[in-house]
file data.csv (CSV, C-alpha atoms)
chain,number,residue,atom,x,y,z
A,1,MET,CA,0.0,0.0,0.0
A,2,ALA,CA,2.9,2.4,0.7
A,3,LYS,CA,3.8,2.3,-2.9
A,4,MET,CA,0.5,3.9,-3.8
A,5,PHE,CA,1.0,7.0,-1.6
A,6,HIS,CA,2.6,10.2,-2.5
A,7,PRO,CA,6.4,9.9,-2.5
A,8,SER,CA,8.1,11.4,0.6
A,9,ARG,CA,10.6,14.2,0.4
A,10,LYS,CA,13.3,11.7,1.1
A,11,GLN,CA,12.3,9.8,-2.1
A,12,ILE,CA,12.3,13.1,-4.1
A,13,ILE,CA,15.8,13.9,-2.7
A,14,ARG,CA,17.0,10.4,-3.7
A,15,PHE,CA,15.4,10.8,-7.2
A,16,CYS,CA,17.2,14.1,-7.7
A,17,SER,CA,20.6,12.8,-6.4
A,18,GLU,CA,20.5,9.7,-8.6
A,19,MET,CA,19.4,11.7,-11.6
A,20,SER,CA,22.5,13.9,-11.1
A,21,VAL,CA,24.8,10.9,-10.9
A,22,LEU,CA,23.3,9.3,-14.0
A,23,ILE,CA,23.6,12.4,-16.1
A,24,ASN,CA,27.1,13.0,-14.9
A,25,SER,CA,28.0,9.5,-15.9
A,26,GLY,CA,27.1,10.3,-19.5
A,27,LEU,CA,23.4,9.5,-19.9
A,28,ASN,CA,21.1,12.1,-21.4
A,29,VAL,CA,18.1,13.2,-19.4
A,30,ARG,CA,15.6,10.9,-21.1
A,31,SER,CA,17.9,7.8,-20.6
A,32,ALA,CA,18.4,8.8,-16.9
A,33,LEU,CA,14.6,9.1,-16.4
A,34,LEU,CA,14.1,5.6,-18.0
A,35,GLN,CA,16.6,4.2,-15.5
A,36,MET,CA,14.9,5.9,-12.6
A,37,ASN,CA,11.5,4.7,-13.8
A,38,MET,CA,12.7,1.1,-13.5
A,39,ALA,CA,14.5,1.7,-10.2
A,40,THR,CA,11.7,3.7,-8.4
A,41,LYS,CA,9.5,1.7,-6.0
A,42,ASN,CA,6.8,4.3,-5.4
A,43,LEU,CA,4.0,3.6,-7.8
A,44,LEU,CA,2.9,7.2,-8.1
A,45,LEU,CA,6.4,8.5,-8.7
A,46,ARG,CA,6.9,5.9,-11.3
A,47,THR,CA,3.7,6.8,-13.1
A,48,ILE,CA,4.7,10.5,-13.0
A,49,ILE,CA,8.2,9.7,-14.5
A,50,GLN,CA,6.5,7.8,-17.3
A,51,GLU,CA,4.1,10.8,-18.0
A,52,VAL,CA,7.2,13.1,-17.9
A,53,LEU,CA,8.9,10.9,-20.5
A,54,ASP,CA,5.8,11.0,-22.7
A,55,ARG,CA,5.7,14.8,-22.5
A,56,ILE,CA,9.4,15.0,-23.3
A,57,ASP,CA,8.8,12.8,-26.4
A,58,LYS,CA,6.1,15.3,-27.4
A,59,GLY,CA,8.5,18.2,-27.3
A,60,TYR,CA,7.9,19.6,-23.8
A,61,ALA,CA,10.8,21.3,-21.9
A,62,LEU,CA,11.9,19.4,-18.9
A,63,ALA,CA,10.5,22.0,-16.4
A,64,ASP,CA,7.1,22.0,-18.2
A,65,ALA,CA,7.0,18.3,-18.2
A,66,PHE,CA,7.4,18.2,-14.4
A,67,SER,CA,5.3,21.3,-13.7
A,68,GLY,CA,1.9,19.4,-13.7
A,69,TYR,CA,2.6,17.9,-10.3
A,70,PRO,CA,2.9,20.7,-7.8
A,71,LYS,CA,1.8,18.4,-4.9
A,72,ILE,CA,4.7,16.1,-5.6
A,73,PHE,CA,7.5,18.4,-6.7
A,74,PRO,CA,7.9,21.6,-4.8
A,75,GLN,CA,8.1,25.1,-6.4
A,76,ILE,CA,11.9,25.2,-6.0
A,77,PHE,CA,12.2,22.0,-8.1
A,78,ILE,CA,10.5,23.5,-11.1
A,79,ALA,CA,12.3,26.8,-10.7
A,80,PHE,CA,15.7,25.0,-10.8
A,81,LEU,CA,14.6,22.9,-13.8
A,82,ARG,CA,13.7,26.1,-15.7
A,83,GLN,CA,17.3,27.3,-15.4
A,84,GLY,CA,18.5,23.8,-16.3
A,85,ASP,CA,16.6,23.9,-19.6
A,86,PHE,CA,18.6,26.9,-20.8
A,87,SER,CA,22.0,26.4,-19.0
A,88,LYS,CA,23.1,22.9,-20.0
A,89,HIS,CA,24.0,22.3,-16.4
A,90,ILE,CA,21.2,19.9,-15.7
A,91,ALA,CA,23.2,17.5,-13.6
A,92,TYR,CA,24.3,20.3,-11.3
A,93,VAL,CA,20.7,21.5,-11.2
A,94,PHE,CA,19.4,18.1,-9.9
A,95,ALA,CA,22.3,17.9,-7.4
A,96,GLU,CA,21.4,21.4,-6.1
A,97,ILE,CA,17.7,20.5,-5.8
A,98,ALA,CA,18.6,17.5,-3.7
A,99,GLU,CA,20.9,19.5,-1.5
A,100,SER,CA,18.3,22.2,-1.0
A,101,LEU,CA,15.5,19.8,-0.1
A,102,ASN,CA,17.8,17.8,2.2
A,103,GLU,CA,18.8,21.0,4.0
A,104,LYS,CA,15.2,22.0,4.3
A,105,ASN,CA,14.5,18.6,5.9
A,106,ARG,CA,17.3,19.1,8.4
A,107,ILE,CA,16.2,22.5,9.4
A,108,ALA,CA,12.6,21.4,9.8
A,109,ARG,CA,13.7,18.7,12.2
A,110,GLU,CA,15.6,21.2,14.3
A,111,VAL,CA,12.7,23.6,14.5
A,112,ALA,CA,10.3,20.7,15.3
A,113,THR,CA,12.6,19.6,18.1
A,114,ALA,CA,12.6,23.1,19.5
A,115,ILE,CA,8.8,23.6,19.5
A,116,THR,CA,7.6,20.1,20.2
A,117,PRO,CA,7.9,20.4,24.1
A,118,PHE,CA,5.9,23.6,23.9
A,119,LEU,CA,3.1,22.1,21.8
A,120,SER,CA,3.0,19.0,24.0
A,121,SER,CA,2.7,21.0,27.2
A,122,PHE,CA,0.0,23.3,25.6
A,123,ALA,CA,-1.9,20.2,24.4
A,124,MET,CA,-1.9,18.6,27.9
A,125,ILE,CA,-3.1,21.9,29.5
A,126,ALA,CA,-5.8,22.2,26.9
A,127,LEU,CA,-6.9,18.6,27.4
A,128,ALA,CA,-7.0,19.1,31.2
A,129,GLY,CA,-9.2,22.2,30.7
A,130,VAL,CA,-11.5,20.4,28.3
A,131,LEU,CA,-12.0,17.5,30.7
A,132,LEU,CA,-12.6,19.9,33.6
A,133,SER,CA,-15.2,21.9,31.6
A,134,GLU,CA,-17.0,18.8,30.3
A,135,LEU,CA,-17.0,16.6,33.4
A,136,VAL,CA,-16.8,18.9,36.4
A,137,MET,CA,-18.1,22.4,35.6
A,138,PRO,CA,-21.6,21.3,34.5
A,139,ASN,CA,-22.2,19.7,37.9
A,140,ILE,CA,-21.1,22.9,39.7
A,141,ALA,CA,-23.4,25.0,37.4
A,142,ASN,CA,-26.3,22.6,38.2
A,143,MET,CA,-25.7,23.0,42.0
A,144,TYR,CA,-25.9,26.8,41.7
A,145,ALA,CA,-29.0,26.5,39.4
A,146,ASP,CA,-30.7,24.3,42.0
A,147,LYS,CA,-29.9,26.8,44.8
A,148,GLY,CA,-30.9,29.8,42.7
A,149,THR,CA,-27.7,31.7,43.5
A,150,SER,CA,-25.0,33.2,41.2
A,151,MET,CA,-21.7,31.5,40.8
A,152,PRO,CA,-18.4,33.2,41.9
A,153,THR,CA,-16.7,35.5,39.4
A,154,VAL,CA,-13.7,33.2,38.8
A,155,THR,CA,-15.9,30.2,38.1
A,156,VAL,CA,-18.0,32.3,35.6
A,157,TYR,CA,-14.9,33.4,33.8
A,158,LEU,CA,-13.6,29.8,33.7
A,159,ILE,CA,-16.9,28.6,32.1
A,160,SER,CA,-16.9,31.6,29.7
A,161,PHE,CA,-13.3,30.8,28.7
A,162,PHE,CA,-14.1,27.2,27.8
A,163,ASP,CA,-17.4,28.2,26.1
A,164,PHE,CA,-15.3,30.5,23.9
A,165,LEU,CA,-12.9,27.6,23.1
A,166,LYS,CA,-15.7,25.3,22.2
A,167,TYR,CA,-18.1,27.5,20.3
A,168,SER,CA,-16.2,30.6,19.1
A,169,LEU,CA,-12.5,29.7,18.6
A,170,MET,CA,-13.2,27.5,15.6
A,171,ASP,CA,-15.2,30.3,13.9
A,172,PHE,CA,-12.4,32.7,14.6
A,173,LEU,CA,-9.9,30.3,13.1
A,174,PHE,CA,-12.1,29.9,10.0
A,175,VAL,CA,-12.2,33.6,9.5
A,176,LEU,CA,-8.4,33.9,9.8
A,177,ALA,CA,-8.0,31.0,7.4
A,178,GLY,CA,-10.4,32.7,4.9
A,179,ILE,CA,-8.4,36.0,5.1
A,180,PHE,CA,-5.1,34.1,4.6
A,181,PHE,CA,-6.6,32.2,1.7
A,182,LEU,CA,-7.8,35.4,0.1
A,183,PHE,CA,-4.6,37.3,0.4
A,184,ARG,CA,-2.0,34.5,0.0
A,185,VAL,CA,-3.6,32.0,-2.4
A,186,VAL,CA,-5.8,34.2,-4.5
A,187,LEU,CA,-4.4,37.7,-4.7
A,188,ALA,CA,-0.7,36.7,-4.4
A,189,ASN,CA,-1.1,34.3,-7.3
A,190,VAL,CA,-3.1,36.7,-9.4
A,191,SER,CA,-0.9,39.8,-8.9
A,192,PRO,CA,2.9,39.5,-9.0
A,193,VAL,CA,3.1,43.0,-7.4
A,194,PHE,CA,0.9,41.9,-4.5
A,195,LYS,CA,3.0,38.8,-4.0
A,196,VAL,CA,6.1,41.0,-3.6
A,197,TYR,CA,4.3,43.0,-1.0
A,198,TRP,CA,3.0,39.9,0.7
A,199,ASP,CA,6.6,38.4,0.9
A,200,GLN,CA,7.9,41.7,2.1
A,201,SER,CA,5.3,41.8,4.9
A,202,LYS,CA,6.6,38.4,6.1
A,203,LEU,CA,10.0,39.9,6.8
A,204,TYR,CA,8.4,42.1,9.6
A,205,ILE,CA,6.8,39.2,11.5
A,206,PRO,CA,8.5,39.1,15.0
A,207,ILE,CA,10.7,36.0,15.6
A,208,TYR,CA,9.6,34.3,12.3
A,209,SER,CA,11.3,36.9,10.1
A,210,LYS,CA,14.7,36.4,11.8
A,211,PHE,CA,14.7,32.7,11.1
A,212,TYR,CA,13.3,33.2,7.6
A,213,ILE,CA,16.0,35.6,6.6
A,214,LEU,CA,18.7,33.5,8.1
A,215,LEU,CA,17.5,30.4,6.2
A,216,ALA,CA,17.3,32.4,3.0
A,217,LYS,CA,20.9,33.6,3.4
A,218,ILE,CA,22.2,30.1,4.3
A,219,ASN,CA,20.5,28.5,1.2
A,220,PHE,CA,21.7,31.3,-1.0
A,221,ALA,CA,25.3,31.2,0.2
A,222,ARG,CA,25.4,27.4,0.1
A,223,SER,CA,24.2,27.3,-3.5
A,224,ILE,CA,26.8,29.9,-4.5
A,225,ASN,CA,29.5,27.9,-2.7
A,226,MET,CA,28.5,24.7,-4.5
A,227,ALA,CA,28.4,26.3,-7.9
A,228,ILE,CA,31.8,28.0,-7.4
A,229,SER,CA,33.3,24.7,-6.3
A,230,ASN,CA,32.1,23.2,-9.6
A,231,GLY,CA,33.9,25.9,-11.6
A,232,TYR,CA,31.0,28.0,-12.9
A,233,PRO,CA,31.4,31.8,-13.6
A,234,ILE,CA,30.0,34.2,-11.0
A,235,GLN,CA,27.1,35.4,-13.3
A,236,THR,CA,25.9,31.8,-13.8
A,237,VAL,CA,26.5,31.1,-10.1
A,238,LEU,CA,24.3,34.1,-9.1
A,239,LYS,CA,21.6,33.2,-11.6
A,240,PHE,CA,21.3,29.6,-10.2
A,241,SER,CA,21.5,30.8,-6.6
A,242,SER,CA,18.8,33.4,-6.9
A,243,ILE,CA,16.3,30.6,-7.4
A,244,VAL,CA,17.0,29.2,-3.9
A,245,VAL,CA,15.6,32.5,-2.5
A,246,LEU,CA,11.8,31.8,-2.7
A,247,ASN,CA,10.7,35.1,-1.2
A,248,SER,CA,9.9,37.3,-4.2
A,249,PHE,CA,10.9,40.5,-2.4
A,250,LEU,CA,14.4,39.1,-1.4
A,251,ARG,CA,14.8,37.5,-4.9
A,252,LYS,CA,14.2,40.9,-6.4
A,253,LYS,CA,17.1,42.3,-4.4
A,254,VAL,CA,19.3,39.3,-5.4
A,255,LEU,CA,18.4,39.9,-9.1
A,256,GLY,CA,19.4,43.5,-8.6
A,257,SER,CA,22.9,42.3,-7.5
A,258,ILE,CA,23.1,40.1,-10.5
A,259,SER,CA,22.5,43.1,-12.8
A,260,PHE,CA,25.0,45.1,-10.9
A,261,VAL,CA,27.7,42.4,-11.3
A,262,GLU,CA,26.9,41.8,-15.0
A,263,SER,CA,27.4,45.5,-15.6
A,264,GLY,CA,30.9,45.3,-14.2
A,265,GLY,CA,30.3,46.0,-10.5
A,266,GLU,CA,32.1,44.2,-7.7
A,267,LEU,CA,30.3,41.3,-5.9
A,268,ALA,CA,30.8,42.8,-2.4
A,269,ALA,CA,29.6,46.2,-3.5
A,270,ALA,CA,26.5,44.5,-5.0
A,271,PHE,CA,25.6,42.7,-1.8
A,272,ARG,CA,26.3,45.9,0.2
A,273,MET,CA,24.0,47.8,-2.1
A,274,ILE,CA,21.0,45.4,-1.8
A,275,LYS,CA,21.5,45.0,2.0
A,276,PHE,CA,20.9,41.3,1.9
A,277,PHE,CA,23.9,40.3,4.0
A,278,SER,CA,24.9,42.0,7.2
A,279,HIS,CA,28.0,44.2,7.6
A,280,ALA,CA,29.9,41.4,9.2
A,281,GLU,CA,29.2,39.0,6.3
A,282,ILE,CA,30.2,41.7,3.8
A,283,GLU,CA,33.5,42.0,5.6
A,284,ILE,CA,34.0,38.2,5.4
A,285,LEU,CA,33.3,38.4,1.6
A,286,ASP,CA,35.7,41.3,1.2
A,287,VAL,CA,38.5,39.3,2.9
A,288,GLY,CA,37.7,36.3,0.7
A,289,ILE,CA,37.8,38.4,-2.5
A,290,LYS,CA,41.2,39.9,-1.5
A,291,ALA,CA,42.5,36.4,-0.8
A,292,GLU,CA,41.0,35.2,-4.1
A,293,SER,CA,39.0,32.6,-2.2
A,294,LEU,CA,35.3,33.2,-2.9
A,295,GLU,CA,34.6,29.6,-2.0
A,296,GLY,CA,36.2,29.9,1.4
A,297,ALA,CA,34.4,33.3,2.0
A,298,PHE,CA,31.0,31.8,1.3
A,299,LYS,CA,31.8,28.8,3.5
A,300,ASN,CA,32.6,31.2,6.3
A,301,ILE,CA,29.3,33.1,5.6
A,302,ILE,CA,27.4,29.8,5.8
A,303,GLU,CA,29.0,28.9,9.1
A,304,PHE,CA,28.4,32.4,10.4
A,305,ASN,CA,24.7,32.2,9.6
A,306,GLU,CA,24.3,28.6,10.8
A,307,ASN,CA,25.8,29.5,14.2
A,308,ASP,CA,23.5,32.5,14.4
A,309,PHE,CA,20.5,30.2,13.5
A,310,LYS,CA,21.5,27.6,16.1
A,311,GLN,CA,21.9,30.3,18.8
A,312,ARG,CA,18.5,31.8,18.0
A,313,LEU,CA,17.0,28.4,18.1
A,314,VAL,CA,18.4,27.7,21.5
A,315,ILE,CA,17.1,31.1,22.8
A,316,LEU,CA,13.7,30.4,21.2
A,317,LYS,CA,13.6,26.9,22.9
A,318,GLU,CA,14.5,28.4,26.3
A,319,SER,CA,12.0,31.2,25.9
A,320,LEU,CA,9.2,28.7,24.9
A,321,ASN,CA,10.1,26.6,28.0
A,322,ALA,CA,9.8,29.6,30.2
A,323,PHE,CA,6.6,30.6,28.6
A,324,VAL,CA,5.2,27.1,28.9
A,325,MET,CA,6.1,27.1,32.6
A,326,PHE,CA,4.4,30.4,33.1
A,327,ILE,CA,1.2,29.6,31.2
A,328,THR,CA,1.0,26.1,32.9
A,329,VAL,CA,1.2,27.6,36.4
A,330,PHE,CA,-1.2,30.4,35.4
A,331,LEU,CA,-3.8,28.1,33.8
A,332,LEU,CA,-3.6,25.5,36.5
A,333,CYS,CA,-4.2,28.2,39.2
A,334,PHE,CA,-7.0,29.5,37.1
A,335,TYR,CA,-8.5,26.0,36.8
A,336,LEU,CA,-8.1,25.2,40.5
A,337,LEU,CA,-9.5,28.6,41.6
A,338,GLY,CA,-12.5,28.3,39.3
A,339,PHE,CA,-13.2,24.7,40.3
A,340,TYR,CA,-12.5,24.8,44.1
A,341,ILE,CA,-14.1,28.2,44.7
A,342,GLY,CA,-17.1,27.2,42.7
A,343,TYR,CA,-17.3,23.8,44.4
A,344,LEU,CA,-16.9,25.1,47.9
A,345,TYR,CA,-19.5,27.8,47.4
A,346,ALA,CA,-21.9,25.3,46.0
A,347,ILE,CA,-21.6,22.8,48.8
A,348,PHE,CA,-21.5,25.4,51.6

call {"tool": "encode", "arguments": {"input": "data.csv", "output": "structure tokens"}}
result
Amino acid sequence: MAKMFHPSRKQIIRFCSEMSVLINSGLNVRSALLQMNMATKNLLLRTIIQEVLDRIDKGYALADAFSGYPKIFPQIFIAFLRQGDFSKHIAYVFAEIAESLNEKNRIAREVATAITPFLSSFAMIALAGVLLSELVMPNIANMYADKGTSMPTVTVYLISFFDFLKYSLMDFLFVLAGIFFLFRVVLANVSPVFKVYWDQSKLYIPIYSKFYILLAKINFARSINMAISNGYPIQTVLKFSSIVVLNSFLRKKVLGSISFVESGGELAAAFRMIKFFSHAEIEILDVGIKAESLEGAFKNIIEFNENDFKQRLVILKESLNAFVMFITVFLLCFYLLGFYIGYLYAIF
């Protein structure tokens, strides 16, 4: 049955890695796809590869042949292939896709490890509250109804809080989801200008924006480093690497640096102009350029941003733990006060 499900990201990574190896060994893209079609165990992926082969035979470009499967192949996959169709570096493109997806997996695991304790604690608190509101609070309310007296304020607030969770929170979340769908899915896809503004607004979200920008810089620098190590000229390197930056606002800045370099400007000056990298990272790049070691400079930039990312992740984890402790104590006290005061008043 597992063969009938959507291929996992690991299977897509393996597909891209093996395609790169096969093409580097001398096979053309079609022959490599035929080999992958025979080697792939996932039934859906094998079917897609066969359909891609049929489209290639009909004259489709490789990116267009794969673009009909957005739920299987992510946006970055198609974006890279569009460059590969024109650059004759298709083996490198597949290798870069695999590297980018693999790095995205690793970072997702690190973030999940940081926020899982917070989500678990919050879920346990919410479960305790739901059980209390469903099993205990109705009995207390009935006691007061039988006596014809009003409940204590804390108990009333407790019941109102859980009534909101049960009857209003879902409606509130549906409204937020509708607003998000309207702006992100509809308007951002219809209007490229609106998508740029939408992506720009994400850079101002507290906490999230810091991690988002760091990841964009890490992926961008890593792709540059990989391309330089393969001997590609800086203009080609930047063109490939700009695809890794999925935020359209940031990509617009990166494309500006490409135009500046192509017109004869220096790389460090281009990055300083678009304010993509920090002052410290520009200094690292300047040192690398003077030492004629761009590859080493971008390795240092990657390490610099990865260390920053890890430190921020540790701070976030510690902050979440402190917040969980605070909210746990607060809600438990709230539960206990609402329950015990209500119960004691009811029986006495």

call {"tool": "residues_around", "arguments": {"input": "data.csv", "residues": "Leu238 in chain A", "least_positions_apart": "6", "cutoff": "10 Å", "atoms": "only C-alpha atoms", "output": "MDAnalysis selection string"}}
result
chainID A and resid 220:221 223:224 227:228 232 254:255 257:259 261 267

call {"tool": "write_last_selection", "arguments": {"input": "data.csv", "atoms": "C-alpha atoms", "output": "PDB file, keeping the file's coordinate frame"}}
result
ATOM      1  CA  PHE A 220      21.700  31.300  -1.000  1.00  0.00           C
ATOM      2  CA  ALA A 221      25.300  31.200   0.200  1.00  0.00           C
ATOM      3  CA  SER A 223      24.200  27.300  -3.500  1.00  0.00           C
ATOM      4  CA  ILE A 224      26.800  29.900  -4.500  1.00  0.00           C
ATOM      5  CA  ALA A 227      28.400  26.300  -7.900  1.00  0.00           C
ATOM      6  CA  ILE A 228      31.800  28.000  -7.400  1.00  0.00           C
ATOM      7  CA  TYR A 232      31.000  28.000 -12.900  1.00  0.00           C
ATOM      8  CA  VAL A 254      19.300  39.300  -5.400  1.00  0.00           C
ATOM      9  CA  LEU A 255      18.400  39.900  -9.100  1.00  0.00           C
ATOM     10  CA  SER A 257      22.900  42.300  -7.500  1.00  0.00           C
ATOM     11  CA  ILE A 258      23.100  40.100 -10.500  1.00  0.00           C
ATOM     12  CA  SER A 259      22.500  43.100 -12.800  1.00  0.00           C
ATOM     13  CA  VAL A 261      27.700  42.400 -11.300  1.00  0.00           C
ATOM     14  CA  LEU A 267      30.300  41.300  -5.900  1.00  0.00           C
TER      15      LEU A 267
END

call {"tool": "atom_distance", "arguments": {"input": "data.csv", "atom1": "CA of Leu119 in chain A", "atom2": "CA of Leu313 in chain A"}}
result
15.7 Å

call {"tool": "atom_distance", "arguments": {"input": "data.csv", "atom1": "CA of Leu45 in chain A", "atom2": "CA of Ala32 in chain A"}}
result
14.5 Å

call {"tool": "residues_around", "arguments": {"input": "data.csv", "residues": "Leu294 in chain A", "least_positions_apart": "6", "cutoff": "12 Å", "atoms": "all atoms listed in the file", "output": "list in words"}}
result
Ala221, Arg222, Ile224, Asn225, Met226, Ala227, Ile228, Ser229, Gly231, Pro233, Ile234, Val237, Leu267, Ala268, Ile282, Ile284, Leu285, Asp286, Val287, Gly288, Asn300 and Ile301 of chain A

call {"tool": "atom_distance", "arguments": {"input": "data.csv", "atom1": "CA of Asp57 in chain A", "atom2": "CA of Pro7 in chain A"}}
result
24.2 Å

call {"tool": "closest_residue", "arguments": {"input": "data.csv", "among": "A:Asp308, A:Ile13, A:Met273, A:Ala61", "to": "Val29 in chain A", "atoms": "all atoms listed in the file"}}
result
A:Ala61

call {"tool": "closest_residue", "arguments": {"input": "data.csv", "among": "A:Thr113, A:Ser8, A:Ile218, A:Leu127", "to": "Val244 in chain A", "atoms": "only C-alpha atoms"}}
result
A:Ile218

call {"tool": "residues_around", "arguments": {"input": "data.csv", "residues": "Val196 in chain A", "least_positions_apart": "5", "cutoff": "8 Å", "atoms": "all atoms listed in the file", "output": "mmCIF file with C-alpha atoms, keeping the file's coordinate frame"}}
result
data_model
loop_
_atom_site.group_PDB
_atom_site.id
_atom_site.type_symbol
_atom_site.label_atom_id
_atom_site.label_comp_id
_atom_site.auth_asym_id
_atom_site.auth_seq_id
_atom_site.Cartn_x
_atom_site.Cartn_y
_atom_site.Cartn_z
ATOM 1 C CA ASN A 247 10.700 35.100 -1.200
ATOM 2 C CA SER A 248 9.900 37.300 -4.200
ATOM 3 C CA PHE A 249 10.900 40.500 -2.400
#

call {"tool": "residues_near_point", "arguments": {"input": "data.csv", "point": "(17.2, 9.0, -22.0)", "cutoff": "12 Å", "atoms": "all atoms listed in the file", "output": "VMD selection string"}}
result
chain A and resid 19 22 to 23 26 to 37 49 to 50 52 to 54 56 to 57

call {"tool": "closest_residue", "arguments": {"input": "data.csv", "among": "A:Asp146, A:Ala65, A:Ser25, A:Gln11", "to": "Leu44 in chain A", "atoms": "all atoms listed in the file"}}
result
A:Gln11

call {"tool": "residues_around", "arguments": {"input": "data.csv", "residues": "Lys202 in chain A", "least_positions_apart": "4", "cutoff": "10 Å", "atoms": "only C-alpha atoms", "output": "list in words"}}
result
Tyr197, Trp198, Pro206, Tyr208, Ser209, Tyr212, Ile213, Asn247 and Phe249 of chain A
